[in-house]
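Colleague: Starting off with a structure, shown below.
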Amino acid sequence: MDIDYAAIESTRDGIRDRYLQERRPPSSARGLHHFALLSSDVERTIQFYQELLEFPLTEIFENRDYKGSNHFFFDIGNGNLLAFFDFPGLDLGPYQEVLGGLHHIAISIHPVNWERLRGKLEAAGVPYVLESGASIYFRDPDGARLELLADPLGEMYGSRVL
């Protein structure tokens with residue numbers, strides 16, 4: 001399959017010219033309240049996110065929409081939460097990356113913590129890919145792809161994105 005990279009770049013430039021505003025208006029949103037994923041094993045998920053990645057569990061309660069299901073939350077900093085549901089008895093199957101679905105979740109980590117967490121991933125035998133010296137890509141126990149990014153919030157590989 002031949003890909004016309006020049007046409008893609010031209011389209012991207014046109015979109016940037018049309019929509020990227022020099023004086024960006026304020027967002028109507030206050031922030032990301034939580035991002036919800038599925039968990040096939042609540043305790044394993046808590047051990048991974050709280051013990052390995054050092055994201056404190058903030059709450060666990062029954063999911064209002066499905067009796068017996070847990071809804072639980074982890075603090076990922078800056079007032080943001082990563083949440084999970086389990087759905088006992090539904091046999092949802094393993095995580096799959098699909099077009100239109102989740103690709104990955106990128107979480108900003110201070111460089112000192114980033115190095116420590118990289119060492120913890122290694123020690124735990126979690127396979128990861130290091131990109132650009134600032135990103136660690138790996139999968140959680142259910143297969144969701146995560147990125148720990150040593151760049152500050154609002155920056156990506158030296159560029160301001162916010």
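In the structure tokens, the first chain shown is A, the next is B, and so on; residue numbers restart at 1 for each chain, and ligands run from 1 in the order shown.
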For region 65-88 of chain A against region 45-48 of chain A, with a cut-off of 12 Å and counting only C-alpha atoms, what is the closest atom pair and its distance in Å to one decimal for every residue that makes the cut, ordered by chain and number, as a Markdown table?

Modeller:
| residue | atom | partner | partner_atom | distance |
| --- | --- | --- | --- | --- |
| A:Asn70 | CA | A:Thr45 | CA | 11.9 |
| A:His71 | CA | A:Ile46 | CA | 11.8 |
| A:Phe72 | CA | A:Ile46 | CA | 9.0 |
| A:Phe73 | CA | A:Ile46 | CA | 9.3 |
| A:Phe74 | CA | A:Ile46 | CA | 8.6 |
| A:Asp75 | CA | A:Ile46 | CA | 11.8 |
| A:Leu82 | CA | A:Ile46 | CA | 11.4 |
| A:Ala83 | CA | A:Thr45 | CA | 10.6 |
| A:Phe84 | CA | A:Thr45 | CA | 8.6 |
| A:Phe85 | CA | A:Thr45 | CA | 10.4 |
| A:Asp86 | CA | A:Thr45 | CA | 10.1 |

Colleague: Which distance in Å separates CA of His33 (chain A) and CA of Gly79 (chain A), to one decimal?

Modeller: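 CA of Gly79 (chain A) lies 7.8 Å from CA of His33 (chain A).
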
Colleague: Each residue of region 65-113 of chain A lying at most 12 Å from region 118-123 of chain A should get a row with its shortest atom-to-atom pair and the distance in Å to one decimal, counting only C-alpha atoms; could you produce that, ordered by chain and increasing number, as a tab-separated table?

Modeller:
residue	atom	partner	partner_atom	distance
A:Ile109	CA	A:Arg118	CA	10.8
A:His110	CA	A:Arg118	CA	12.0
A:Pro111	CA	A:Arg118	CA	10.3
A:Val112	CA	A:Arg118	CA	10.1
A:Asn113	CA	A:Arg118	CA	8.4

Colleague: Create the file for the chosen residues now, containing C-alpha atoms and written as a compact mmCIF listing (two decimals), in the first residue's frame.

Modeller:
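Result file follows (result.txt):
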# COMPACT_ATOMS: atom_id res chain seq x y z
CA ILE A 109 5.45 11.39 35.72
CA HIS A 110 8.19 13.53 37.32
CA PRO A 111 11.57 12.37 35.93
CA VAL A 112 12.78 11.10 39.34
CA ASN A 113 9.60 9.01 39.77

Colleague: Taking the DSSP secondary structure from the backbone, can you list the residues of region 5-149 of chain A that are alpha helix (DSSP H), as a short mmCIF file (atom, residue, chain, number, x, y, z; two decimals) with N, CA, C and O atoms, in the first residue's frame?

Modeller:
data_model
loop_
_atom_site.label_atom_id
_atom_site.label_comp_id
_atom_site.auth_asym_id
_atom_site.auth_seq_id
_atom_site.Cartn_x
_atom_site.Cartn_y
_atom_site.Cartn_z
N TYR A 5 2.60 10.60 1.81
CA TYR A 5 2.94 11.36 3.00
C TYR A 5 2.86 12.86 2.76
O TYR A 5 2.51 13.62 3.67
N ALA A 6 3.17 13.31 1.56
CA ALA A 6 3.09 14.74 1.25
C ALA A 6 1.64 15.22 1.36
O ALA A 6 1.37 16.31 1.87
N ALA A 7 0.71 14.41 0.88
CA ALA A 7 -0.71 14.77 0.97
C ALA A 7 -1.18 14.79 2.43
O ALA A 7 -1.95 15.67 2.83
N ILE A 8 -0.70 13.84 3.22
CA ILE A 8 -1.05 13.81 4.65
C ILE A 8 -0.53 15.06 5.34
O ILE A 8 -1.26 15.71 6.11
N GLU A 9 0.71 15.42 5.05
CA GLU A 9 1.30 16.62 5.67
C GLU A 9 0.54 17.87 5.23
O GLU A 9 0.27 18.76 6.04
N SER A 10 0.17 17.94 3.97
CA SER A 10 -0.58 19.09 3.47
C SER A 10 -1.94 19.19 4.15
O SER A 10 -2.38 20.29 4.53
N THR A 11 -2.61 18.08 4.31
CA THR A 11 -3.91 18.07 5.00
C THR A 11 -3.75 18.51 6.45
O THR A 11 -4.53 19.32 6.95
N ARG A 12 -2.71 17.99 7.13
CA ARG A 12 -2.45 18.37 8.52
C ARG A 12 -2.20 19.87 8.62
O ARG A 12 -2.73 20.56 9.50
N ASP A 13 -1.40 20.42 7.70
CA ASP A 13 -1.12 21.86 7.70
C ASP A 13 -2.41 22.66 7.51
O ASP A 13 -2.62 23.68 8.17
N GLY A 14 -3.28 22.19 6.61
CA GLY A 14 -4.56 22.88 6.38
C GLY A 14 -5.44 22.85 7.61
O GLY A 14 -6.08 23.86 7.95
N ILE A 15 -5.49 21.72 8.29
CA ILE A 15 -6.28 21.61 9.53
C ILE A 15 -5.71 22.55 10.58
O ILE A 15 -6.45 23.26 11.27
N ARG A 16 -4.38 22.55 10.72
CA ARG A 16 -3.73 23.44 11.70
C ARG A 16 -4.10 24.89 11.40
O ARG A 16 -4.48 25.66 12.29
N ASP A 17 -4.01 25.29 10.13
CA ASP A 17 -4.31 26.68 9.74
C ASP A 17 -5.77 27.05 10.01
O ASP A 17 -6.07 28.17 10.42
N ARG A 18 -6.69 26.11 9.79
CA ARG A 18 -8.12 26.39 9.97
C ARG A 18 -8.55 26.40 11.44
O ARG A 18 -9.41 27.19 11.83
N TYR A 19 -8.01 25.50 12.24
CA TYR A 19 -8.58 25.28 13.57
C TYR A 19 -7.70 25.69 14.75
O TYR A 19 -8.23 25.96 15.82
N VAL A 42 -10.09 -7.52 40.32
CA VAL A 42 -9.99 -6.28 41.09
C VAL A 42 -8.69 -6.23 41.90
O VAL A 42 -7.96 -5.25 41.85
N GLU A 43 -8.40 -7.28 42.65
CA GLU A 43 -7.21 -7.25 43.51
C GLU A 43 -5.93 -7.16 42.69
O GLU A 43 -5.02 -6.42 43.03
N ARG A 44 -5.85 -7.89 41.59
CA ARG A 44 -4.66 -7.83 40.73
C ARG A 44 -4.49 -6.42 40.16
O ARG A 44 -3.38 -5.89 40.10
N THR A 45 -5.60 -5.79 39.78
CA THR A 45 -5.55 -4.42 39.26
C THR A 45 -5.06 -3.46 40.33
O THR A 45 -4.21 -2.59 40.07
N ILE A 46 -5.55 -3.60 41.55
CA ILE A 46 -5.11 -2.73 42.65
C ILE A 46 -3.63 -2.94 42.93
O ILE A 46 -2.88 -1.97 43.11
N PRO A 111 10.43 13.19 36.35
CA PRO A 111 11.57 12.37 35.93
C PRO A 111 12.17 11.47 37.02
O PRO A 111 12.56 10.33 36.73
N VAL A 112 12.23 11.94 38.26
CA VAL A 112 12.78 11.10 39.34
C VAL A 112 11.87 9.88 39.56
O VAL A 112 12.34 8.75 39.69
N ASN A 113 10.56 10.11 39.60
CA ASN A 113 9.60 9.01 39.77
C ASN A 113 9.60 8.10 38.55
O ASN A 113 9.44 6.88 38.67
N TRP A 114 9.76 8.70 37.36
CA TRP A 114 9.79 7.94 36.11
C TRP A 114 10.91 6.91 36.14
O TRP A 114 10.70 5.75 35.81
N GLU A 115 12.09 7.31 36.57
CA GLU A 115 13.23 6.38 36.67
C GLU A 115 12.94 5.27 37.68
O GLU A 115 13.24 4.11 37.43
N ARG A 116 12.37 5.63 38.83
CA ARG A 116 12.06 4.63 39.85
C ARG A 116 11.02 3.64 39.33
O ARG A 116 11.18 2.42 39.48
N LEU A 117 9.97 4.15 38.68
CA LEU A 117 8.93 3.26 38.16
C LEU A 117 9.46 2.38 37.03
O LEU A 117 9.06 1.22 36.92
N ARG A 118 10.35 2.91 36.23
CA ARG A 118 10.98 2.10 35.18
C ARG A 118 11.71 0.91 35.82
O ARG A 118 11.60 -0.23 35.37
N GLY A 119 12.44 1.18 36.89
CA GLY A 119 13.13 0.11 37.61
C GLY A 119 12.16 -0.89 38.22
O GLY A 119 12.42 -2.10 38.22
N LYS A 120 11.04 -0.42 38.74
CA LYS A 120 10.04 -1.32 39.32
C LYS A 120 9.40 -2.20 38.24
O LYS A 120 9.16 -3.39 38.48
N LEU A 121 9.13 -1.62 37.07
CA LEU A 121 8.59 -2.42 35.96
C LEU A 121 9.58 -3.51 35.58
O LEU A 121 9.18 -4.66 35.37
N GLU A 122 10.85 -3.14 35.47
CA GLU A 122 11.89 -4.12 35.13
C GLU A 122 11.95 -5.23 36.18
O GLU A 122 11.96 -6.40 35.83
N ALA A 123 12.00 -4.83 37.45
CA ALA A 123 12.09 -5.82 38.54
C ALA A 123 10.89 -6.75 38.56
O ALA A 123 11.02 -7.92 38.92
#

Colleague: Among chain A, which residues does DSSP mark as strand (DSSP E) when it is run on the backbone? Keep the chain and numbering as in the structure and answer as a ChimeraX atom specification.

Modeller: /A:34-38,57-62,70-75,81-85,105-108,128-131,135-139,145-149,155-156,159-160

Colleague: So which one's closest to Gly125 (chain A), A:Arg24, A:Arg64, A:His104, A:Arg139? Using only C-alpha atoms, please.

Modeller: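 The answer is A:Arg139, which sits nearest to Gly125 (chain A).
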
Colleague: For Gly31 (chain A), find every residue with an atom within 12 Å (counting only C-alpha atoms), except residues of its own chain fewer than 4 positions away, and show them as a short mmCIF file (atom, residue, chain, number, x, y, z; two decimals) with N, CA, C and O atoms, in the first residue's frame.

Modeller:
data_model
loop_
_atom_site.label_atom_id
_atom_site.label_comp_id
_atom_site.auth_asym_id
_atom_site.auth_seq_id
_atom_site.Cartn_x
_atom_site.Cartn_y
_atom_site.Cartn_z
N PRO A 26 -10.87 29.76 26.43
CA PRO A 26 -10.88 28.79 27.54
C PRO A 26 -11.78 27.61 27.21
O PRO A 26 -12.78 27.74 26.51
N SER A 27 -11.43 26.47 27.76
CA SER A 27 -12.23 25.25 27.59
C SER A 27 -13.48 25.33 28.45
O SER A 27 -13.47 25.94 29.52
N PHE A 35 -11.14 8.42 33.84
CA PHE A 35 -11.10 7.64 32.63
C PHE A 35 -11.36 6.21 33.08
O PHE A 35 -10.66 5.73 33.98
N GLY A 77 -2.74 12.02 39.96
CA GLY A 77 -2.18 13.35 40.09
C GLY A 77 -3.01 14.44 39.46
O GLY A 77 -3.89 14.19 38.64
N ASN A 78 -2.76 15.67 39.89
CA ASN A 78 -3.37 16.87 39.32
C ASN A 78 -4.90 16.83 39.38
O ASN A 78 -5.58 17.39 38.53
N GLY A 79 -5.46 16.12 40.38
CA GLY A 79 -6.90 16.04 40.52
C GLY A 79 -7.57 15.09 39.54
O GLY A 79 -8.79 15.14 39.38
N ASN A 80 -6.80 14.22 38.90
CA ASN A 80 -7.35 13.29 37.90
C ASN A 80 -7.38 11.87 38.45
O ASN A 80 -6.53 11.48 39.24
N LEU A 81 -8.35 11.11 37.96
CA LEU A 81 -8.54 9.74 38.41
C LEU A 81 -8.54 8.77 37.24
O LEU A 81 -9.03 9.09 36.16
#

Colleague: Which residue is closest to Leu32 (chain A)? Choose from A:Ile76, A:Gln50, A:Asp2, A:Leu20 and count only C-alpha atoms.

Modeller: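 Under the stated criterion, the closest residue is A:Ile76.
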
Colleague: Find the residues near Leu149 (chain A): any atom within 7 Å, counting only C-alpha atoms, skip ones fewer than 6 places away on the same chain, and give them as a PyMOL selection string.

Modeller: chain A and resi 106-109+134-136

Colleague: Generate the output file for the selected residues, N, CA, C and O atoms, as a compact mmCIF listing (two decimals), in the first residue's frame.

Modeller:
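Below is the file that was written, result.txt:
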# COMPACT_ATOMS: atom_id res chain seq x y z
N ALA A 106 -1.64 8.13 28.39
CA ALA A 106 -0.34 8.72 28.73
C ALA A 106 -0.47 9.48 30.04
O ALA A 106 -1.34 10.34 30.18
N ILE A 107 0.40 9.15 30.98
CA ILE A 107 0.37 9.77 32.31
C ILE A 107 1.72 10.44 32.55
O ILE A 107 2.77 9.79 32.46
N SER A 108 1.68 11.73 32.86
CA SER A 108 2.90 12.49 33.13
C SER A 108 3.46 12.10 34.49
O SER A 108 2.73 12.06 35.49
N ILE A 109 4.76 11.81 34.50
CA ILE A 109 5.45 11.39 35.72
C ILE A 109 6.70 12.25 35.88
O ILE A 109 7.44 12.45 34.91
N ALA A 134 11.97 9.42 26.99
CA ALA A 134 11.02 10.08 27.89
C ALA A 134 9.72 9.29 28.06
O ALA A 134 8.92 9.63 28.92
N SER A 135 9.51 8.26 27.25
CA SER A 135 8.26 7.51 27.30
C SER A 135 8.53 6.03 27.53
O SER A 135 9.40 5.45 26.89
N ILE A 136 7.76 5.45 28.42
CA ILE A 136 7.78 4.01 28.65
C ILE A 136 6.38 3.50 28.29
O ILE A 136 5.39 3.94 28.88

Colleague: Would you please work out which residue, of A:Glu51, A:Phe87, A:Gly154, A:Arg30, is nearest to Asn63 (chain A) when using only C-alpha atoms?

Modeller: A:Phe87

Colleague: For each of A:Val126, A:Leu57, A:Ala29, A:Leu90, take the minimum atom-to-atom distance to Phe138 (chain A), counting only C-alpha atoms, then give the residue where this is smallest.

Modeller: A:Val126

Colleague: Please determine, counting only C-alpha atoms, which residue among A:Ile3, A:Ala124, A:Ile60, A:Ile105 has the shortest atom-to-atom distance to Glu147 (chain A).

Modeller: A:Ile105

Colleague: One decimal, in Å: what's the spacing between CA of Gln96 (chain A) and CA of Ser39 (chain A)?

Modeller: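 Computed distance, CA of Gln96 (chain A) to CA of Ser39 (chain A), equals 13.0 Å.
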